[in-house]
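Source file: coords_6.txt (compact mmCIF, C-alpha atoms and all ligand atoms)
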```txt
# COMPACT_ATOMS: atom_id res chain seq x y z
CA MET S 1 75.78 101.86 57.63
CA MET S 2 74.74 98.43 58.84
CA PRO S 3 75.85 95.66 56.49
CA ASP S 4 73.49 94.54 53.75
CA SER S 5 71.02 91.78 54.44
CA PRO S 6 72.71 88.44 54.06
CA ILE S 7 70.86 87.53 50.89
CA SER S 8 72.49 84.96 48.73
CA HIS S 9 70.29 83.08 46.34
CA HIS S 10 72.86 80.28 46.05
CA SER S 11 73.64 79.51 49.68
CA GLY S 12 70.15 79.69 51.22
CA PRO S 13 67.72 76.88 51.94
CA GLU S 14 65.44 75.55 49.16
CA PRO S 15 62.24 77.59 48.69
CA ILE S 16 59.14 75.95 50.16
CA SER S 17 57.39 75.47 46.83
CA ASP S 18 54.24 73.68 48.01
CA ILE S 19 52.89 76.57 50.07
CA LYS S 20 50.53 78.22 47.57
CA GLU S 21 50.26 81.58 49.39
CA LEU S 22 53.94 82.34 48.93
CA PRO S 23 54.54 84.21 45.68
CA SER S 24 57.39 82.90 43.54
CA GLU S 25 60.31 85.26 43.21
CA ASP S 26 59.36 86.19 39.63
CA SER S 27 55.72 86.98 40.37
CA ALA S 28 56.34 88.87 43.66
CA SER S 29 55.77 92.61 43.82
CA PRO S 30 58.72 94.81 44.89
CA GLU S 31 57.19 95.10 48.41
CA GLN S 32 56.76 91.34 48.66
CA LYS S 33 60.36 90.86 47.53
CA VAL S 34 61.56 93.22 50.28
CA GLN S 35 59.44 91.36 52.82
CA MET S 36 60.79 88.00 51.67
CA GLU S 37 64.34 89.28 51.88
CA GLN S 38 63.75 90.63 55.35
CA ALA S 39 62.20 87.39 56.54
CA TYR S 40 65.10 85.46 55.08
CA ALA S 41 67.65 87.74 56.74
CA GLN S 42 65.86 87.37 60.06
CA MET S 43 65.77 83.60 59.78
CA MET S 44 69.50 83.49 58.99
CA ARG S 45 70.18 85.76 61.96
CA LYS S 46 68.21 83.47 64.27
CA MET S 47 70.14 80.46 63.01
CA ARG S 48 73.41 82.27 63.61
CA MET S 49 72.34 83.22 67.15
CA THR S 50 71.70 79.55 67.92
CA LYS S 51 75.13 78.72 66.49
CA MET S 52 76.66 81.47 68.63
CA ASP S 53 75.16 79.82 71.69
CA GLU S 54 76.91 76.57 70.80
CA GLU S 55 80.23 78.12 69.81
CA ILE S 56 80.67 80.61 72.68
CA LYS S 57 81.24 78.93 76.05
CA HIS S 58 80.53 81.90 78.33
CA LYS S 59 78.66 85.13 77.69
CA ILE S 60 78.97 87.81 80.34
CA MET S 61 77.18 91.16 80.46
CA VAL S 62 78.92 94.09 82.22
CA LEU S 63 76.45 96.56 83.71
CA SER S 64 76.32 99.49 86.10
CA GLY S 65 73.50 101.57 87.46
CA LYS S 66 75.49 104.78 87.01
CA GLY S 67 77.54 106.18 84.13
CA GLY S 68 81.29 106.76 84.24
CA VAL S 69 82.07 104.15 86.91
CA GLY S 70 84.45 102.33 84.56
CA LYS S 71 82.31 99.67 82.83
CA SER S 72 84.19 99.94 79.56
CA THR S 73 87.58 100.02 81.29
CA VAL S 74 86.59 96.95 83.31
CA SER S 75 85.10 95.13 80.28
CA VAL S 76 88.31 95.68 78.30
CA GLY S 77 90.41 94.67 81.34
CA LEU S 78 88.47 91.45 81.95
CA ALA S 79 88.68 90.54 78.27
CA LEU S 80 92.44 91.22 78.13
CA SER S 81 93.08 89.37 81.37
CA LEU S 82 91.31 86.30 79.99
CA ALA S 83 92.99 86.66 76.58
CA ARG S 84 96.49 86.86 78.05
CA GLN S 85 95.79 83.58 79.87
CA GLY S 86 95.44 82.02 76.43
CA LYS S 87 91.63 82.03 76.27
CA LYS S 88 89.78 82.83 73.03
CA VAL S 89 87.90 86.00 73.90
CA GLY S 90 85.44 88.34 72.20
CA LEU S 91 84.45 91.81 73.37
CA MET S 92 81.22 93.42 72.17
CA ASP S 93 80.71 97.15 72.75
CA ILE S 94 76.96 97.61 72.67
CA ASP S 95 77.09 101.34 73.54
CA ILE S 96 75.76 102.70 70.27
CA THR S 97 75.69 106.37 71.19
CA GLY S 98 79.11 106.57 72.88
CA PRO S 99 81.15 103.52 71.85
CA ASN S 100 84.71 103.89 73.17
CA VAL S 101 86.11 100.37 73.48
CA PRO S 102 88.05 100.55 70.16
CA LYS S 103 89.77 103.76 71.28
CA MET S 104 90.75 102.15 74.60
CA LEU S 105 92.40 99.35 72.62
CA GLY S 106 94.03 101.60 70.01
CA ILE S 107 92.11 99.99 67.13
CA GLU S 108 89.58 102.72 66.34
CA ASN S 109 90.65 103.16 62.72
CA VAL S 110 90.19 99.54 61.72
CA ASP S 111 87.95 98.74 58.73
CA LEU S 112 85.80 95.73 59.44
CA HIS S 113 85.67 92.89 56.95
CA VAL S 114 82.13 92.03 55.85
CA GLU S 115 81.45 88.88 53.88
CA ASN S 116 78.13 87.15 53.05
CA GLY S 117 76.34 89.58 55.35
CA GLN S 118 78.57 88.68 58.30
CA ILE S 119 80.81 91.13 60.12
CA PHE S 120 84.26 89.87 61.10
CA PRO S 121 85.52 91.35 64.39
CA ALA S 122 88.64 93.50 64.59
CA ILE S 123 91.61 91.88 66.28
CA GLY S 124 93.09 93.59 69.34
CA PRO S 125 95.98 92.71 71.69
CA HIS S 126 96.40 89.01 72.62
CA GLY S 127 94.11 88.09 69.69
CA LEU S 128 91.10 89.68 71.38
CA LYS S 129 88.17 89.86 68.93
CA VAL S 130 86.41 93.22 69.14
CA ILE S 131 83.16 94.48 67.70
CA SER S 132 81.80 97.95 68.32
CA MET S 133 79.27 100.25 66.78
CA ALA S 134 82.21 102.70 66.55
CA PHE S 135 83.54 100.66 63.62
CA LEU S 136 80.27 101.10 61.75
CA LEU S 137 79.74 104.83 62.29
CA GLU S 138 80.70 106.96 59.33
CA ASP S 139 81.68 109.97 61.43
CA PRO S 140 82.68 109.31 65.04
CA ASP S 141 82.14 112.99 65.93
CA LYS S 142 78.53 113.04 64.74
CA PRO S 143 76.05 112.30 67.52
CA VAL S 144 73.96 109.22 66.80
CA ILE S 145 70.29 109.73 67.43
CA TRP S 146 68.29 106.54 67.32
CA ARG S 147 64.60 106.24 67.82
CA GLY S 148 63.78 103.36 70.21
CA PRO S 149 62.66 100.59 67.84
CA ILE S 150 65.35 101.41 65.28
CA LYS S 151 68.01 101.25 67.97
CA LEU S 152 66.75 97.89 69.22
CA GLY S 153 66.55 96.49 65.68
CA ALA S 154 70.12 97.69 65.07
CA ILE S 155 71.31 95.94 68.25
CA GLN S 156 69.64 92.66 67.27
CA GLN S 157 71.15 92.87 63.82
CA PHE S 158 74.47 93.83 65.37
CA ILE S 159 74.48 90.75 67.59
CA GLY S 160 73.24 88.28 65.01
CA ASP S 161 75.51 89.35 62.17
CA VAL S 162 78.92 88.94 63.82
CA ALA S 163 81.13 86.00 62.87
CA TRP S 164 82.76 85.31 66.26
CA GLY S 165 83.79 81.72 65.62
CA GLU S 166 84.56 79.60 68.69
CA LEU S 167 85.17 81.56 71.89
CA ASP S 168 85.85 80.69 75.51
CA ALA S 169 84.20 83.94 76.60
CA LEU S 170 82.32 86.89 75.19
CA ILE S 171 82.30 90.05 77.32
CA ILE S 172 79.52 92.53 76.52
CA ASP S 173 79.93 96.19 77.53
CA PHE S 174 76.79 98.34 77.85
CA PRO S 175 75.89 101.99 78.19
CA PRO S 176 74.97 102.97 81.77
CA GLY S 177 71.64 101.92 83.25
CA THR S 178 69.31 99.02 82.82
CA SER S 179 67.14 100.19 79.97
CA ASP S 180 66.69 99.06 76.40
CA GLU S 181 70.11 97.75 75.49
CA PRO S 182 70.65 95.11 78.19
CA LEU S 183 67.01 94.11 77.92
CA THR S 184 67.25 93.62 74.15
CA VAL S 185 70.50 91.65 74.44
CA SER S 186 69.16 89.46 77.24
CA GLN S 187 66.12 88.65 75.12
CA SER S 188 67.96 88.12 71.82
CA LEU S 189 71.15 86.33 72.75
CA PRO S 190 70.63 82.79 74.03
CA GLY S 191 72.67 81.26 76.84
CA ILE S 192 73.93 84.34 78.69
CA ASP S 193 75.81 83.16 81.80
CA GLY S 194 75.20 86.21 83.92
CA VAL S 195 75.84 89.81 84.80
CA VAL S 196 78.89 91.49 86.34
CA ILE S 197 78.05 94.77 88.05
CA VAL S 198 80.62 97.55 88.23
CA THR S 199 80.40 100.12 90.98
CA THR S 200 82.55 102.74 92.67
CA PRO S 201 83.24 102.62 96.43
CA GLN S 202 80.80 105.31 97.63
CA GLU S 203 77.85 104.21 99.70
CA VAL S 204 75.53 105.73 97.11
CA ALA S 205 76.76 102.95 94.83
CA LEU S 206 74.61 100.58 96.84
CA LEU S 207 71.46 102.16 95.46
CA ASP S 208 72.69 101.98 91.87
CA SER S 209 73.93 98.41 92.22
CA ARG S 210 70.59 97.35 93.61
CA LYS S 211 68.92 98.47 90.36
CA SER S 212 71.32 96.39 88.28
CA ILE S 213 70.87 93.35 90.52
CA ASN S 214 67.09 93.69 90.30
CA PHE S 215 67.37 93.97 86.54
CA ALA S 216 69.31 90.68 86.43
CA LYS S 217 66.61 89.05 88.57
CA THR S 218 63.80 90.44 86.41
CA VAL S 219 65.27 88.99 83.22
CA SER S 220 66.23 85.74 85.03
CA LEU S 221 69.97 86.17 84.67
CA GLN S 222 72.42 85.20 87.35
CA CYS S 223 74.29 88.05 89.05
CA LEU S 224 77.87 86.78 88.95
CA GLY S 225 78.90 89.52 91.36
CA VAL S 226 79.97 93.09 92.03
CA VAL S 227 83.34 94.64 91.12
CA GLU S 228 84.43 97.75 92.98
CA ASN S 229 86.34 100.01 90.61
CA MET S 230 88.39 103.12 91.50
CA SER S 231 89.05 101.64 94.89
CA GLY S 232 92.02 102.93 96.94
CA TYR S 233 94.89 104.86 95.39
CA ASN S 234 98.19 103.28 96.32
CA LEU S 235 101.25 105.46 97.05
CA LYS S 236 104.72 103.95 97.46
CA GLY S 237 108.12 105.38 98.36
CA SER S 238 111.31 104.90 100.30
CA ALA S 239 112.81 106.54 103.39
CA PRO S 240 115.29 105.45 106.10
CA PRO S 241 114.59 101.82 107.16
CA ASP S 242 112.42 101.16 110.21
CA SER S 243 111.44 104.79 110.58
CA GLU S 244 108.22 106.71 110.84
CA ILE S 245 107.39 109.36 108.24
CA SER S 246 104.43 111.63 107.75
CA ILE S 247 102.87 112.17 104.34
CA ILE S 248 100.22 114.74 103.52
CA GLY S 249 97.00 113.07 102.42
CA PRO S 250 93.86 114.53 100.81
CA SER S 251 92.54 117.74 102.46
CA GLY S 252 96.02 118.27 103.99
CA ILE S 253 95.53 115.62 106.68
CA PRO S 254 98.87 114.04 107.68
CA ILE S 255 99.13 110.24 107.54
CA ASP S 256 101.78 108.44 109.60
CA VAL S 257 103.56 105.67 107.75
CA HIS S 258 106.19 103.15 108.91
CA THR S 259 108.97 102.07 106.61
CA ASP S 260 110.07 98.44 106.58
CA SER S 261 113.57 97.08 107.11
CA THR S 262 114.48 97.95 103.50
CA GLY S 263 113.10 101.49 103.83
CA SER S 264 110.03 100.93 101.60
CA TRP S 265 106.67 102.34 102.54
CA SER S 266 103.24 102.09 100.97
CA VAL S 267 99.88 103.58 101.81
CA THR S 268 96.44 103.28 100.25
CA LEU S 269 94.33 106.42 100.09
CA ASP S 270 90.59 105.82 99.91
CA ILE S 271 89.85 108.71 97.56
CA PHE S 272 86.20 107.80 97.05
CA LYS S 273 85.69 106.31 100.52
CA SER S 274 85.90 102.54 100.62
CA GLY S 275 83.93 99.36 100.89
CA GLY S 276 80.85 100.40 98.84
CA GLY S 277 81.23 97.44 96.50
CA ALA S 278 81.75 94.86 99.23
CA SER S 279 78.90 96.18 101.37
CA ALA S 280 76.60 96.39 98.32
CA ALA S 281 77.42 92.76 97.53
CA GLU S 282 76.86 91.66 101.13
CA GLU S 283 73.60 93.50 101.55
CA LEU S 284 72.24 92.34 98.21
CA GLU S 285 73.49 88.79 98.81
CA VAL S 286 75.56 88.48 95.65
CA PRO S 287 79.26 87.59 95.39
CA PHE S 288 81.93 90.29 95.75
CA LEU S 289 84.38 89.77 92.89
CA GLY S 290 87.13 92.13 94.05
CA SER S 291 88.44 95.70 93.89
CA LEU S 292 90.37 97.44 91.17
CA PRO S 293 92.64 100.26 92.33
CA PHE S 294 92.28 103.88 91.33
CA ASP S 295 95.14 104.11 88.84
CA PRO S 296 95.98 107.30 86.89
CA GLY S 297 97.66 104.99 84.35
CA ILE S 298 94.19 103.72 83.42
CA VAL S 299 93.13 107.22 82.37
CA ARG S 300 96.34 107.71 80.33
CA GLY S 301 95.95 104.24 78.84
CA GLY S 302 92.35 104.97 77.86
CA ASP S 303 93.46 108.06 75.97
CA ASP S 304 96.56 106.47 74.41
CA GLY S 305 94.82 103.23 73.42
CA VAL S 306 97.12 101.04 75.54
CA HIS S 307 95.25 99.42 78.40
CA ARG S 308 97.07 99.19 81.73
CA ILE S 309 97.22 95.40 81.43
CA ILE S 310 99.20 95.78 78.22
CA ALA S 311 101.36 98.71 79.40
CA GLU S 312 102.25 97.10 82.74
CA PRO S 313 101.44 93.38 82.56
CA ASP S 314 103.02 92.65 85.97
CA GLY S 315 101.65 95.74 87.72
CA SER S 316 99.19 95.81 90.61
CA THR S 317 96.25 96.82 88.36
CA ALA S 318 96.86 93.86 86.03
CA GLU S 319 97.11 91.62 89.09
CA ALA S 320 93.81 92.97 90.45
CA PHE S 321 92.09 92.26 87.11
CA ASP S 322 93.46 88.69 87.15
CA LEU S 323 92.00 88.18 90.61
CA VAL S 324 88.56 89.44 89.54
CA VAL S 325 88.69 87.11 86.52
CA LYS S 326 89.64 84.20 88.78
CA ASN S 327 86.61 84.94 90.96
CA ILE S 328 84.30 85.21 87.95
CA LEU S 329 85.58 81.89 86.61
CA SER S 330 84.94 80.20 89.95
CA GLU S 331 81.40 81.66 89.98
CA LEU S 332 80.89 80.20 86.51
CA ASP S 333 82.27 76.84 87.65
CA GLY S 334 80.02 76.83 90.71
CA ARG S 335 77.08 77.67 88.50
CA LYS S 336 77.86 74.71 86.26
CA SER S 337 78.19 72.26 89.13
CA SER S 338 75.06 73.53 90.86
CA LYS S 339 72.97 73.06 87.70
CA VAL S 340 70.37 70.37 88.29
CA ARG S 341 70.42 67.73 85.62
CA ILE S 342 67.14 66.12 84.73
CA SER S 343 67.55 62.88 82.83
N1 LIG W 1 90.36 102.23 88.14
C1 LIG W 1 90.42 103.42 87.54
N2 LIG W 1 91.36 104.34 87.93
C2 LIG W 1 91.42 105.55 87.34
N3 LIG W 1 90.61 105.94 86.35
C3 LIG W 1 89.68 105.08 85.92
C4 LIG W 1 89.53 103.77 86.48
N4 LIG W 1 88.51 103.14 85.84
C5 LIG W 1 88.04 104.01 84.91
N5 LIG W 1 88.74 105.16 84.94
C6 LIG W 1 88.53 106.36 84.11
O1 LIG W 1 87.23 106.81 84.34
C7 LIG W 1 86.64 107.29 83.13
C8 LIG W 1 85.34 106.54 82.84
O2 LIG W 1 85.64 105.18 82.57
P1 LIG W 1 84.81 104.32 81.53
O3 LIG W 1 84.66 105.03 80.23
O4 LIG W 1 85.41 102.96 81.53
O5 LIG W 1 83.41 104.32 82.30
P2 LIG W 1 81.99 103.79 81.80
O6 LIG W 1 81.27 103.31 83.01
O7 LIG W 1 82.17 102.83 80.69
O8 LIG W 1 81.37 105.13 81.26
P3 LIG W 1 79.97 105.25 80.45
O9 LIG W 1 78.91 105.12 81.49
O10 LIG W 1 80.04 106.60 79.83
O11 LIG W 1 79.94 104.12 79.46
C9 LIG W 1 87.69 107.09 82.04
O12 LIG W 1 88.40 108.28 81.86
C10 LIG W 1 88.62 106.02 82.63
O13 LIG W 1 89.93 106.14 82.14
MG MG W 2 81.34 102.84 78.72
```
Any chance you could give the structure as structure tokens?
Ligand SMILES: Nc1ncnc2c1ncn2[C@@H]1O[C@H](COP(=O)(O)OP(=O)(O)OP(=O)(O)O)[C@@H](O)[C@H]1O
Ligand SMILES: [Mg+2]
Amino acid sequence: MMPDSPISHHSGPEPISDIKELPSEDSASPEQKVQMEQAYAQMMRKMRMTKMDEEIKHKIMVLSGKGGVGKSTVSVGLALSLARQGKKVGLMDIDITGPNVPKMLGIENVDLHVENGQIFPAIGPHGLKVISMAFLLEDPDKPVIWRGPIKLGAIQQFIGDVAWGELDALIIDFPPGTSDEPLTVSQSLPGIDGVVIVTTPQEVALLDSRKSINFAKTVSLQCLGVVENMSGYNLKGSAPPDSEISIIGPSGIPIDVHTDSTGSWSVTLDIFKSGGGASAAEELEVPFLGSLPFDPGIVRGGDDGVHRIIAEPDGSTAEAFDLVVKNILSELDGRKSSKVRIS
């Protein structure tokens, strides 16, 4: 399932012939040969990770304390927003038990190109480079059961074997929680810029966000900020100009709305309460990166494989994603300028 070890007897470094303990390839036992191959593959992977650090300007992890808050939707949205601004962007879906990024982008049936032990990412809209365990699973309907160490080894291999090339940004989407996967990535991938935490507006989100922020602190990663997803649901309509109308909100409660001089009206319903993200950010002293509206088009887009940013590039959801990206970029800029240089 994973690609073969990148063994090539022609392209590798010269064998270290003066170390007597190392058996030559001809005299090695089958077990020793396997060990040598594994060591070689690991060394190549490490070298590639170092190269990745040089070639990828920004690496951003997207986390949440709770499942289903929209991490994958947000990861895809951030990546597309950056890509449509002309940036070179990669998106890595590290959710190995429920990878759904390719489906959200309508590229789930792509066959990945593997050459010299390196996996070449699939290409999505706006040239977005995408890698997901979904591409490597033989049967997407079969549950994947990984034992801890095997899963972690697979993730390391997964990260180190991808040929990203030069990127302005790599967005990394995770399964919910702060367990093995983000820990493994934070320890294996050098030069991660920081963590973006996705939450929903309920107050309970505060508790979950705190766990993610503490995780970032524990592994010495900067928390770039909190994004509130599934924020208010915006309704729009028209009625006689400069009039007052009543619309029926959730639980049958009437809401009075004024129309403007052209007869347009608009109201935002806080379906999941409001302000959880902003208050979580304030209380935990991390930046608030913005809110993304509750948008039924996001659910449709997730099922149809056409993200809202692609389906409605000038819509309010696309605009909200652009604003979050702008805030993330200014956090990254601030981070750069606040770095202390020791000469
Ligand atoms: N802003 C939004 N408005 C409406 N629906 C949304 C929004 N964001 C996400 N959704 C929907 O919520 C569901 C969960 O989203 P998503 O899969 O992105 O969450 P997740 O945090 O990645 O989940 P998991 O924890 O399982 O990885 C999906 O059906 C998605 O379409
Ligand atoms: Mg997800």
At a cut-off of 7 Å around ligand MG 2 (chain W), and using all atoms listed in the file, what residues come up? Please write them as a PDB file with C-alpha atoms, keeping the file's coordinate frame.
```
ATOM      1  CA  GLY S  68      81.290 106.760  84.240  1.00  0.00           C
ATOM      2  CA  GLY S  70      84.450 102.330  84.560  1.00  0.00           C
ATOM      3  CA  LYS S  71      82.310  99.670  82.830  1.00  0.00           C
ATOM      4  CA  SER S  72      84.190  99.940  79.560  1.00  0.00           C
ATOM      5  CA  ASP S  95      77.090 101.340  73.540  1.00  0.00           C
ATOM      6  CA  PRO S  99      81.150 103.520  71.850  1.00  0.00           C
ATOM      7  CA  ASN S 100      84.710 103.890  73.170  1.00  0.00           C
ATOM      8  CA  ASP S 173      79.930  96.190  77.530  1.00  0.00           C
ATOM      9  CA  PHE S 174      76.790  98.340  77.850  1.00  0.00           C
ATOM     10  CA  PRO S 175      75.890 101.990  78.190  1.00  0.00           C
TER      11      PRO S 175
END
```
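The gap separating atom CA of Met52 of chain S from atom CA of Gln85 of chain S is 22.3 Å, in Å to one decimal.
Considering all atoms listed in the file, the residues that reside within 6 Å of ligand LIG 1 (chain W) can be listed as S:Gly67, S:Gly68, S:Val69, S:Gly70, S:Lys71, S:Ser72, S:Thr73, S:Pro175, S:Pro176, S:Asn229, S:Met230, S:Leu292, S:Pro293, S:Phe294, S:Asp295, S:Pro296, S:Ile298, S:Val299, S:Gly302.
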Within 9 Å of segment 204-208 of chain S using all atoms listed in the file, minus same-chain residues under 5 positions, as a list of chain:residue names: S:Ser64, S:Gly65, S:Lys66, S:Gly177, S:Thr199, S:Ile213, S:Gly276, S:Gly277, S:Ser279, S:Ala280, S:Ala281, S:Glu283, S:Leu284
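In this comparison, which uses only C-alpha atoms, the residue of S:Ile123, S:Ala163, S:Val219, S:Leu112 approaching Ser186 of chain S most closely is S:Val219.
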Of S:Tyr40, S:Phe135, S:Phe158, S:Phe215, the one sitting nearest Leu183 of chain S when using all atoms listed in the file is S:Phe215
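Comparing the minimum interatomic distances between Thr97 of chain S and each of S:Leu136, S:Ile245, S:Ala318, S:Ile253, counting all atoms listed in the file, we find that S:Leu136 sits nearest.
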Complete segment 165-177 of chain S at the level of N, CA and C atoms, written as a short mmCIF file (atom, residue, chain, number, x, y, z; two decimals), keeping the file's coordinate frame.
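Resulting contents of part13.cif:
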```cif
data_model
loop_
_atom_site.label_atom_id
_atom_site.label_comp_id
_atom_site.auth_asym_id
_atom_site.auth_seq_id
_atom_site.Cartn_x
_atom_site.Cartn_y
_atom_site.Cartn_z
N GLY S 165 83.07 82.99 65.57
CA GLY S 165 83.79 81.72 65.62
C GLY S 165 83.72 81.16 67.04
N GLU S 166 84.60 80.20 67.34
CA GLU S 166 84.56 79.60 68.69
C GLU S 166 85.25 80.50 69.70
N LEU S 167 84.59 80.71 70.84
CA LEU S 167 85.17 81.56 71.89
C LEU S 167 85.02 80.87 73.24
N ASP S 168 86.00 81.14 74.12
CA ASP S 168 85.85 80.69 75.51
C ASP S 168 84.94 81.67 76.25
N ALA S 169 85.04 82.95 75.90
CA ALA S 169 84.20 83.94 76.60
C ALA S 169 83.91 85.13 75.71
N LEU S 170 82.70 85.64 75.86
CA LEU S 170 82.32 86.89 75.19
C LEU S 170 81.91 87.88 76.29
N ILE S 171 82.61 89.02 76.34
CA ILE S 171 82.30 90.05 77.32
C ILE S 171 81.49 91.13 76.60
N ILE S 172 80.38 91.54 77.19
CA ILE S 172 79.52 92.53 76.52
C ILE S 172 79.43 93.79 77.38
N ASP S 173 79.92 94.91 76.82
CA ASP S 173 79.93 96.19 77.53
C ASP S 173 78.70 97.01 77.12
N PHE S 174 78.05 97.61 78.10
CA PHE S 174 76.79 98.34 77.85
C PHE S 174 76.92 99.81 78.19
N PRO S 175 75.99 100.63 77.68
CA PRO S 175 75.89 101.99 78.19
C PRO S 175 75.34 101.93 79.61
N PRO S 176 75.44 103.03 80.38
CA PRO S 176 74.97 102.97 81.77
C PRO S 176 73.47 102.71 81.87
N GLY S 177 73.08 102.12 82.99
CA GLY S 177 71.64 101.92 83.25
C GLY S 177 71.16 100.55 82.84
#
```
